[in-house]
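See below for input.cif, which holds mmCIF, C-alpha atoms.
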data_my_file
#
loop_
_atom_site.group_PDB
_atom_site.id
_atom_site.type_symbol
_atom_site.label_atom_id
_atom_site.label_comp_id
_atom_site.auth_asym_id
_atom_site.auth_seq_id
_atom_site.Cartn_x
_atom_site.Cartn_y
_atom_site.Cartn_z
ATOM 1 C CA MET K 1 -19.142 9.212 16.892
ATOM 2 C CA ASP K 2 -18.914 5.456 16.374
ATOM 3 C CA ASP K 3 -16.202 3.419 14.688
ATOM 4 C CA ASP K 4 -18.162 3.333 11.393
ATOM 5 C CA GLU K 5 -17.758 7.109 11.059
ATOM 6 C CA VAL K 6 -14.008 7.167 11.761
ATOM 7 C CA LEU K 7 -11.221 6.577 9.268
ATOM 8 C CA GLY K 8 -7.776 5.395 10.154
ATOM 9 C CA PRO K 9 -4.688 6.982 8.631
ATOM 10 C CA VAL K 10 -4.382 6.288 4.907
ATOM 11 C CA ASP K 11 -1.007 5.405 3.393
ATOM 12 C CA PHE K 12 0.349 4.142 0.126
ATOM 13 C CA LEU K 13 3.184 1.911 -0.996
ATOM 14 C CA ALA K 14 4.730 1.800 -4.449
ATOM 15 C CA VAL K 15 6.843 -1.248 -5.259
ATOM 16 C CA GLU K 16 8.966 -2.183 -8.264
ATOM 17 C CA PHE K 17 9.142 -5.812 -9.351
ATOM 18 C CA PRO K 18 12.296 -6.015 -11.502
ATOM 19 C CA SER K 19 11.898 -7.850 -14.783
ATOM 20 C CA GLY K 20 8.144 -7.929 -14.146
ATOM 21 C CA ARG K 21 8.460 -10.982 -11.872
ATOM 22 C CA MET K 22 6.748 -11.372 -8.534
ATOM 23 C CA THR K 23 6.550 -14.417 -6.300
ATOM 24 C CA GLY K 24 3.114 -13.634 -4.940
ATOM 25 C CA GLU K 25 4.303 -13.732 -1.344
ATOM 26 C CA GLY K 26 3.157 -10.120 -1.012
ATOM 27 C CA PHE K 27 -0.397 -11.116 -1.985
ATOM 28 C CA ASP K 28 -0.347 -13.703 0.829
ATOM 29 C CA VAL K 29 0.690 -11.090 3.397
ATOM 30 C CA LEU K 30 -1.702 -8.468 1.998
ATOM 31 C CA PHE K 31 -4.589 -10.923 2.199
ATOM 32 C CA ASP K 32 -3.692 -11.801 5.796
ATOM 33 C CA LEU K 33 -3.462 -8.144 6.870
ATOM 34 C CA SER K 34 -6.762 -7.385 5.170
ATOM 35 C CA HIS K 35 -8.511 -10.513 6.449
ATOM 36 C CA ARG K 36 -7.447 -9.780 10.053
ATOM 37 C CA GLY K 37 -8.713 -6.198 9.760
ATOM 38 C CA THR K 38 -5.299 -4.617 10.237
ATOM 39 C CA ILE K 39 -5.645 -2.713 6.977
ATOM 40 C CA ARG K 40 -8.360 -2.031 4.431
ATOM 41 C CA VAL K 41 -7.279 -2.035 0.785
ATOM 42 C CA LEU K 42 -8.569 1.108 -0.885
ATOM 43 C CA ASP K 43 -6.694 0.883 -4.201
ATOM 44 C CA LEU K 44 -4.466 -1.748 -5.751
ATOM 45 C CA ALA K 45 -3.072 -1.100 -9.216
ATOM 46 C CA PHE K 46 -0.241 -2.358 -11.385
ATOM 47 C CA VAL K 47 1.636 -0.747 -14.232
ATOM 48 C CA GLN K 48 4.063 -2.343 -16.715
ATOM 49 C CA LYS K 49 6.932 -0.394 -18.244
ATOM 50 C CA ALA K 50 8.120 -1.857 -21.543
ATOM 51 C CA SER K 51 11.700 -1.752 -22.843
ATOM 52 C CA ASP K 52 10.684 1.125 -25.155
ATOM 53 C CA HIS K 53 9.543 3.037 -22.008
ATOM 54 C CA SER K 54 5.867 2.805 -22.951
ATOM 55 C CA VAL K 55 3.576 2.280 -19.982
ATOM 56 C CA ARG K 56 0.334 0.389 -19.591
ATOM 57 C CA ARG K 57 -1.887 -0.474 -16.660
ATOM 58 C CA VAL K 58 -2.133 -4.167 -15.945
ATOM 59 C CA ALA K 59 -5.432 -5.631 -14.750
ATOM 60 C CA LEU K 60 -5.260 -7.553 -11.478
ATOM 61 C CA ARG K 61 -6.362 -10.732 -13.226
ATOM 62 C CA ASP K 62 -3.329 -10.434 -15.532
ATOM 63 C CA VAL K 63 -0.709 -10.071 -12.793
ATOM 64 C CA GLU K 64 1.350 -13.251 -12.823
ATOM 65 C CA HIS K 65 2.394 -14.497 -9.403
ATOM 66 C CA GLY K 66 3.046 -17.679 -7.457
ATOM 67 C CA SER K 67 0.483 -17.176 -4.705
ATOM 68 C CA ASP K 68 -2.667 -19.135 -3.918
ATOM 69 C CA VAL K 69 -4.381 -15.800 -3.269
ATOM 70 C CA ASP K 70 -6.473 -14.580 -6.188
ATOM 71 C CA PRO K 71 -5.627 -10.865 -6.538
ATOM 72 C CA THR K 72 -8.977 -10.221 -8.198
ATOM 73 C CA ILE K 73 -10.528 -10.242 -4.713
ATOM 74 C CA TRP K 74 -9.435 -6.595 -4.745
ATOM 75 C CA ASP K 75 -11.044 -5.889 -8.132
ATOM 76 C CA GLY K 76 -13.196 -2.825 -7.799
ATOM 77 C CA ALA K 77 -11.213 -1.535 -4.830
ATOM 78 C CA SER K 78 -11.018 2.061 -5.966
ATOM 79 C CA SER K 79 -11.149 4.934 -3.530
ATOM 80 C CA GLY K 80 -10.554 7.581 -6.160
ATOM 81 C CA LEU K 81 -7.356 8.599 -4.370
ATOM 82 C CA LEU K 82 -5.142 6.956 -6.992
ATOM 83 C CA ASP K 83 -5.186 8.867 -10.269
ATOM 84 C CA GLN K 84 -3.253 8.945 -13.540
ATOM 85 C CA SER K 85 -0.592 11.272 -12.132
ATOM 86 C CA ASP K 86 0.152 8.671 -9.430
ATOM 87 C CA ILE K 87 0.423 5.944 -12.071
ATOM 88 C CA ASP K 88 2.728 8.155 -14.147
ATOM 89 C CA GLN K 89 4.921 8.957 -11.154
ATOM 90 C CA VAL K 90 5.382 5.285 -10.270
ATOM 91 C CA ALA K 91 5.994 4.411 -13.915
ATOM 92 C CA SER K 92 8.726 7.051 -14.119
ATOM 93 C CA SER K 93 10.394 5.513 -11.051
ATOM 94 C CA ILE K 94 10.665 1.944 -12.333
ATOM 95 C CA GLU K 95 13.073 0.438 -14.841
ATOM 96 C CA PRO K 96 12.003 -0.686 -18.311
ATOM 97 C CA GLY K 97 10.790 -4.290 -18.210
ATOM 98 C CA SER K 98 9.578 -3.916 -14.633
ATOM 99 C CA LEU K 99 6.158 -4.118 -13.062
ATOM 100 C CA GLY K 100 5.101 -1.476 -10.558
ATOM 101 C CA GLY K 101 2.511 -2.056 -7.874
ATOM 102 C CA ILE K 102 0.641 0.691 -6.042
ATOM 103 C CA LEU K 103 -1.280 -0.008 -2.853
ATOM 104 C CA VAL K 104 -3.417 2.597 -1.072
ATOM 105 C CA TYR K 105 -4.632 1.338 2.302
ATOM 106 C CA GLU K 106 -6.332 2.468 5.469
ATOM 107 C CA ASN K 107 -4.672 1.590 8.762
ATOM 108 C CA ALA K 108 -7.871 0.037 10.119
ATOM 109 C CA TRP K 109 -6.177 -1.001 13.363
ATOM 110 C CA ALA K 110 -6.203 2.690 14.379
ATOM 111 C CA VAL K 111 -9.970 3.189 14.002
ATOM 112 C CA PRO K 112 -10.954 2.029 17.538
ATOM 113 C CA LEU K 113 -8.162 4.143 19.062
ATOM 114 C CA ILE K 114 -9.176 7.263 17.133
ATOM 115 C CA ALA K 115 -12.870 6.686 17.942
ATOM 116 C CA ALA K 116 -12.063 6.286 21.664
ATOM 117 C CA MET K 117 -10.042 9.496 21.678
ATOM 118 C CA ASP K 118 -12.836 11.302 19.845
ATOM 119 C CA ARG K 119 -15.454 10.093 22.362
ATOM 120 C CA THR K 120 -13.406 11.555 25.215
ATOM 121 C CA GLY K 121 -13.015 14.934 23.531
ATOM 122 C CA ALA K 122 -9.395 14.465 22.559
ATOM 123 C CA ARG K 123 -8.410 15.579 19.106
ATOM 124 C CA MET K 124 -5.618 14.479 16.836
ATOM 125 C CA VAL K 125 -3.342 17.393 16.064
ATOM 126 C CA GLY K 126 -1.002 15.629 13.664
ATOM 127 C CA HIS K 127 0.388 12.433 12.338
ATOM 128 C CA GLY K 128 3.265 11.567 10.064
ATOM 129 C CA ARG K 129 5.605 8.946 8.825
ATOM 130 C CA ILE K 130 9.229 8.408 9.776
ATOM 131 C CA GLY K 131 11.111 6.772 6.924
ATOM 132 C CA ALA K 132 12.908 3.512 7.657
ATOM 133 C CA ASP K 133 16.251 4.929 6.485
ATOM 134 C CA ASP K 134 15.889 7.917 8.827
ATOM 135 C CA LEU K 135 14.986 5.655 11.741
ATOM 136 C CA ILE K 136 17.913 3.294 11.145
ATOM 137 C CA GLN K 137 20.301 6.219 10.787
ATOM 138 C CA GLN K 138 19.114 7.729 14.078
ATOM 139 C CA LEU K 139 19.268 4.394 15.919
ATOM 140 C CA ASP K 140 22.786 3.799 14.598
ATOM 141 C CA ALA K 141 23.820 7.283 15.754
ATOM 142 C CA THR K 142 22.613 6.644 19.295
ATOM 143 C CA GLU K 143 24.283 3.221 19.708
ATOM 144 C CA PRO K 144 27.223 3.219 22.065
ATOM 145 C CA PRO K 145 30.581 2.776 20.268
#
This structure in structure tokens:
Amino acid sequence: MDDDEVLGPVDFLAVEFPSGRMTGEGFDVLFDLSHRGTIRVLDLAFVQKASDHSVRRVALRDVEHGSDVDPTIWDGASSGLLDQSDIDQVASSIEPGSLGGILVYENAWAVPLIAAMDRTGARMVGHGRIGADDLIQQLDATEPP
């Protein structure tokens, strides 16, 4: 099996931008990670929650930001993994007047590692995510007094 037939782990991030304002710094970092091949953007969507709690999707071209990166470079990035229930869940988690962003991405950095393991007959038997809060709590608990 070659690297073209292997997928890296796929994750998502959901972010709230209070008051619907974003600096665009995230677009700069996202572009860099994508350009360097660290990740592959599979879905990128935005949702606006109005003060009356109504929700609407916001097109990438309509997302106001302060970055030099044009977010429409990810137009058409749709894996089919992100559906209306995901949009609704993020919308229910953000405050009225806020903008929510949803990013689904492949950890492309892992593809060569997974392909190498596969070529040698190894098999992945699990993977998971340790939340940052859990990690910090555990590290704090193991620090000497």
*Pick out the residues sitting within 9 Å of K:Pro71, and hand them over as a PyMOL selection string; count all atoms listed in the file, and ignore anything fewer than 3 positions along from it in its own chain.*
chain K and resi 27+31+60-61+63+67+74-75
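With distances restricted to only C-alpha atoms, K:Ser98 is the closest residue to K:Glu16 from K:Ser98, K:Ser51, K:Gln137, K:Asn107.
Between K:Thr38 and the residues K:Ile130, K:Val111, K:Ala116, K:Leu135, the shortest atom-to-atom distance, using only C-alpha atoms, involves K:Val111.
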*Return the single residue from K:Gly100, K:Gly37, K:Gly76, K:Gly126 that is closest to K:Ala14, with distances computed using only C-alpha atoms.*
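Residue with the minimum atom-to-atom distance to K:Ala14: K:Gly100.
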*Determine, counting all atoms listed in the file, which protein, DNA and RNA residues have an atom within 8 Å of an atom of K:Arg40; residues of the same chain fewer than 5 positions away are not included. Present the result as an MDAnalysis selection string.*
chainID K and resid 34 105:108
*asked:* Selection in question (the file shown): the PyMOL selection byres ((chain K and resi 11) around 6). Which residues does it include, as a list in words?
replied: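 Given this file, the PyMOL selection byres ((chain K and resi 11) around 6) evaluates to Val10, Phe12, Val104 and Tyr105 of chain K.
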_Pick from K:Leu99, K:Leu81, K:Val41, K:Val29, whichever lies nearest to K:Ala59 using all atoms listed in the file_ = K:Leu99
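Within 8 Å of K:Arg56, once all atoms listed in the file are used and residues closer than 5 positions along the same chain are dropped, the contacting residues are Val47, Gln48 and Lys49 of chain K.
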*Using only C-alpha atoms, which residue out of K:Glu143, K:His127, K:Met22, K:Asp133 lies closest to K:Ile114?*
K:His127
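Proximity of K:Asp86, K:Glu5, K:Asp28, K:Glu95 to K:Arg57, computed with only C-alpha atoms, is greatest for K:Asp86.
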_atom CA of K:Val55 to atom CA of K:Ser79, distance in Å rounded to a single decimal_ = 22.2 Å
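Between atom CA of K:Gly80 and atom CA of K:Gly26 the interatomic distance comes to 23.0 Å.
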*Just give me the gap between atom CA of K:Ser19 and atom CA of K:Ile94 in Å, one decimal is fine.*
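Going from atom CA of K:Ser19 over to atom CA of K:Ile94 covers 10.2 Å.
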_Using the chain letters and numbers from this file, what does the PyMOL selection byres ((chain K and resi 43) around 6) select? Give the answer as an NGL selection string._
:K and (41-42 or 44 or 77-78 or 103-104)
